[in-house]
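J.: Just passing along the structure, written as structure tokens.
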Amino acid sequence: MADLGVNFAGIKSPNPFWLSSAPPTNSGDQVMRAFEAGWGGAVWKTLGDPIINVSSRLGGLHYHDRRLIGLNNIELITDRPIDVQLREIREVKRRFPDRAVLVSLMVDSKREAWREWVKRAEDTGCDGVELNFSCPHGMAERGMGAAIGQVPEYTRMITEWAKEFATVPVLVKLTPNVTDVRVPGRAAVQGGADGISLINTVNSLIGVDIDTFDPIPSVRGQGSHGGYCGPAVKPMALHMVASLAGDPEVKVPISGIGGIATWRDALEFILLGATNVQVCTAVMHHGFRIVEDMIDGLSNYMDEKGIARVADLVGLAVPKLTDWGNLDLSYKVVARVDQAACVSCGICHVACMDGGHQAIGLAANGSLAGGVSAGGRRYPKVDEGQCVGCNLCSLICPVPGCITMTEVDSGQAPFTWNEYVTRSGQSSCCG
């Protein structure tokens with residue numbers, strides 16, 4: 001059996017699946033039930049000075065019959081009594097000594113405030129603290145959360161304060177609401193961070209009720225920007241995790257967050273440089289027991305691949321990432337249609353004609369001459385000379401494997417845009 005255990009900056013857990021700081025980790029009862037289900041760790045919902053949360057906090061993005069491909073929230077840090085939270089954290093760690101328990105913190109930007117809160121967190125026996133420099137709403141307007149993570153100097157300074165007082169590992173949770181996540185990532189490392197968590201939620205407005213004109217979610221007819229999470233943010237999260245994993249100035253472990261719902265999602269984050277992953281929205285949607293499939297799926301995958309440890313998977317895909325200018329412009333693929341599998345829906349034809357490169361026609365019996373077959377069916381026919389290999393048709397085809405993108409000889413020697421610019425002397429700027 002594969003060993004799913006991980007060591008994140010000295011924090012050990014039986015598997016790489018942690019709960020992120022969010023509603024599922026807002027009480028001892030929840031975290032203990034999560035650990036009983038199999039989760040390897042949990043980052044407690046952010047503690048800080050008492051706040052009052054609004055009622056009506058979540059908004060969902062649905063697409064056709066798929067519920068919650070995205071989730072927006074205007075909830076802030078925990079509003080439960082801090083003494084109760086600290087007591088419950090202590091009890092959870094006592095009952096589950098082999099699980100990772102971290103405390104998320106967000107407090108005023110004062111050195112003495114961080115001294116107090118780091119000590120209070122450590123007194124619970126927790127394994128580490130996570131500095132929330134990333135909440136995009138509510139707290140940011142008070143000079144905390146993303147207001148810290150968007151200013152590298154503040155990120156470095158407050159990380160230094162936490163490291164000065166902490167005896168356990170310190171993680172910094174970064175905001176995605178920046179132009180280049182490597183900048184605050186480097187600042188956190190310069191401040192002494194033992195690890196980095198990312199991403200937190202993306203600044204967003206989920207929608208408007210077209211009958212009442214109220215923003216969603218609505219608080220007595222008014223709304224506010226909030227944080228976006230769920231499956232829809234996964235591509236953004238993968239990009240940012242990979243950016244830090246490939247940065248030579250960021251040599252600390254990364255905890256990947258953002259749209260993770262299955263073991264395959266988690267594996268992608270690990271392959272792009274995450275040592276472990278944190279999950280929130282999928283648990284809010286489906287419950288704690290989703291971790292059972294995550295554990296089984298990753299374990300079976302590793303057994304099939306002959307991979308002994310999760311650590312052996314970390315970052316395997318990172319060397320395959322490069323700047324666009326280094327991609328081989330001579331490489332060419334074209335779409336090919338399996339006529340036996342085709343159901344003649346015509347979706348690929350419409351998509352290519354109206355949104356692609358006009359390379360797919362409809363023909364009878366595979367003939368470009370057009371017309372209708374004896375059975376009344378018309379089949380897509382690809383003009384390979386016109387096809388640019390954009391992949392659109394294969395992505396929208398409803399029949400798995402019906403359209404494949406196949407490499408063909410372009411007749412050109414390999415070359416990149418950077419090489420072309422160097423040889424031609426042209427500007428490398430767009431336009």
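Residue names in the structure tokens use chain letters A, B, ... in the order shown, residue numbers from 1 in each chain, and ligand numbers from 1 in the order shown.
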Tell me which protein, DNA and RNA residues are within 8 Å of range 186-190 of chain A, counting only C-alpha atoms, leaving out same-chain ones fewer than 5 positions away, and put them as a ChimeraX atom specification.
T.: /A:152-153,155-156,159,172,195-196,249-252
J.: Which neighbours of Glu112 in chain A fall inside 9 Å, counting only C-alpha atoms, when residues of the same chain fewer than 4 positions from it are skipped, and could you give them as a PyMOL selection string?
T.: chain A and resi 116-117+161
J.: Give the strand (DSSP E or B) residues of range 230-293 of chain A, as DSSP finds them on the backbone, and put them as a ChimeraX atom specification.
T.: /A:254-257,274-279
J.: Since we have the selection now, will you write its residues out, keeping N, CA and C atoms, as an mmCIF file, in the first residue's frame?
T.:
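Output file selection-v2.cif follows:
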```
data_model
loop_
_atom_site.group_PDB
_atom_site.id
_atom_site.type_symbol
_atom_site.label_atom_id
_atom_site.label_comp_id
_atom_site.auth_asym_id
_atom_site.auth_seq_id
_atom_site.Cartn_x
_atom_site.Cartn_y
_atom_site.Cartn_z
ATOM 1 N N ILE A 254 4.227 24.227 -0.045
ATOM 2 C CA ILE A 254 3.006 24.925 -0.439
ATOM 3 C C ILE A 254 1.804 24.044 -0.125
ATOM 4 N N SER A 255 0.787 24.655 0.472
ATOM 5 C CA SER A 255 -0.485 23.973 0.712
ATOM 6 C C SER A 255 -1.475 24.492 -0.321
ATOM 7 N N GLY A 256 -1.915 23.628 -1.223
ATOM 8 C CA GLY A 256 -2.757 24.048 -2.336
ATOM 9 C C GLY A 256 -4.229 24.087 -1.981
ATOM 10 N N ILE A 257 -4.898 25.168 -2.376
ATOM 11 C CA ILE A 257 -6.312 25.374 -2.070
ATOM 12 C C ILE A 257 -7.001 25.944 -3.305
ATOM 13 N N ALA A 274 2.324 21.357 -4.794
ATOM 14 C CA ALA A 274 1.767 21.401 -3.440
ATOM 15 C C ALA A 274 2.174 20.150 -2.658
ATOM 16 N N THR A 275 2.574 20.347 -1.414
ATOM 17 C CA THR A 275 2.901 19.219 -0.552
ATOM 18 C C THR A 275 1.634 18.584 0.002
ATOM 19 N N ASN A 276 0.624 19.392 0.251
ATOM 20 C CA ASN A 276 -0.676 18.884 0.653
ATOM 21 C C ASN A 276 -1.750 19.794 0.069
ATOM 22 N N VAL A 277 -3.019 19.493 0.365
ATOM 23 C CA VAL A 277 -4.112 20.313 -0.144
ATOM 24 C C VAL A 277 -5.095 20.606 0.980
ATOM 25 N N GLN A 278 -5.846 21.692 0.809
ATOM 26 C CA GLN A 278 -6.898 22.044 1.746
ATOM 27 C C GLN A 278 -8.224 22.154 0.987
ATOM 28 N N VAL A 279 -9.299 21.715 1.616
ATOM 29 C CA VAL A 279 -10.603 21.620 0.955
ATOM 30 C C VAL A 279 -11.653 22.345 1.789
#
```
J.: Would you mind reading off the distance between CA of Ile77 in chain A and CA of Leu47 in chain A, one decimal, in Å?
T.: 6.3 Å
J.: Once DSSP has gone over the backbone, tell me which residues of range 74-260 of chain A are in helix (DSSP H, G or I), as a count of residues only.
T.: 71
J.: Could you pull the residues within 12 Å of Asp323 in chain A, counting only C-alpha atoms, minus those fewer than 5 positions along the same chain, as a PyMOL selection string?
T.: chain A and resi 243+246+328+416-418
J.: Atoms to include: C-alpha atoms. Write the selected residues as a short mmCIF file (atom, residue, chain, number, x, y, z; two decimals), in the first residue's frame.
T.:
```
data_model
loop_
_atom_site.label_atom_id
_atom_site.label_comp_id
_atom_site.auth_asym_id
_atom_site.auth_seq_id
_atom_site.Cartn_x
_atom_site.Cartn_y
_atom_site.Cartn_z
CA SER A 243 3.98 29.96 -10.14
CA GLY A 246 8.59 27.18 -9.92
CA ASP A 328 7.39 24.99 -30.18
CA THR A 416 9.94 29.17 -30.79
CA TRP A 417 8.64 32.71 -30.76
CA ASN A 418 11.71 33.84 -28.85
#
```
J.: How far is it from CA of Val92 in chain A to CA of Met139 in chain A, in Å with one decimal?
T.: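 If I compute the distance from CA of Val92 in chain A to CA of Met139 in chain A, I get 27.3 Å.
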J.: If we count only C-alpha atoms, what is near Ser394 in chain A at a cut-off of 12 Å, once residues fewer than 2 positions away on the same chain are taken out, given as a CSV table (one decimal) with C-alpha atoms, in the first residue's frame?
T.:
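Generated file (part_24.csv):
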```csv
chain,number,residue,atom,x,y,z
A,333,VAL,CA,-2.3,18.7,-34.2
A,334,VAL,CA,-5.5,18.3,-36.1
A,335,ALA,CA,-9.0,17.0,-35.2
A,336,ARG,CA,-10.0,13.6,-36.3
A,337,VAL,CA,-13.5,12.2,-36.0
A,338,ASP,CA,-14.4,8.6,-35.3
A,342,CYS,CA,-20.3,10.0,-34.0
A,347,ILE,CA,-22.3,20.6,-32.4
A,348,CYS,CA,-18.6,20.5,-33.6
A,349,HIS,CA,-19.6,21.9,-36.9
A,351,ALA,CA,-18.7,25.5,-32.9
A,352,CYS,CA,-16.0,25.4,-35.5
A,356,GLY,CA,-13.4,28.4,-34.4
A,360,ILE,CA,-15.4,21.3,-40.0
A,389,GLY,CA,-5.6,22.4,-33.7
A,390,CYS,CA,-7.4,24.7,-31.3
A,391,ASN,CA,-9.1,21.7,-29.5
A,392,LEU,CA,-12.5,23.4,-29.4
A,396,ILE,CA,-17.5,20.4,-26.8
A,397,CYS,CA,-18.2,16.9,-28.3
A,398,PRO,CA,-20.7,15.0,-26.1
A,399,VAL,CA,-19.3,11.6,-27.0
A,400,PRO,CA,-16.0,10.8,-25.1
A,401,GLY,CA,-13.2,9.8,-27.5
A,402,CYS,CA,-15.2,10.6,-30.7
A,403,ILE,CA,-12.9,13.5,-31.6
A,404,THR,CA,-9.2,13.2,-31.0
A,405,MET,CA,-6.4,15.7,-31.5
A,406,THR,CA,-3.7,14.0,-33.5
```
J.: Could you pull the residues within 12 Å of Val54 in chain A, counting only C-alpha atoms, minus those fewer than 4 positions along the same chain, as a PyMOL selection string?
T.: chain A and resi 58+73-79+138+217-220+222-224
J.: List as number ranges by chain the protein and nucleic acid residues near Gly306 in chain A, meaning an atom at most 10 Å away when only C-alpha atoms are counted, but skip any in the same chain fewer than 6 places from it.
T.: A: 1-2, 300
J.: Restricting the output to C-alpha atoms, write the selected residues as an mmCIF file, in the first residue's frame.
T.:
```cif
data_model
loop_
_atom_site.group_PDB
_atom_site.id
_atom_site.type_symbol
_atom_site.label_atom_id
_atom_site.label_comp_id
_atom_site.auth_asym_id
_atom_site.auth_seq_id
_atom_site.Cartn_x
_atom_site.Cartn_y
_atom_site.Cartn_z
ATOM 1 C CA MET A 1 0.000 0.000 0.000
ATOM 2 C CA ALA A 2 1.188 3.499 -0.799
ATOM 3 C CA ASN A 300 -4.949 3.223 -5.801
#
```
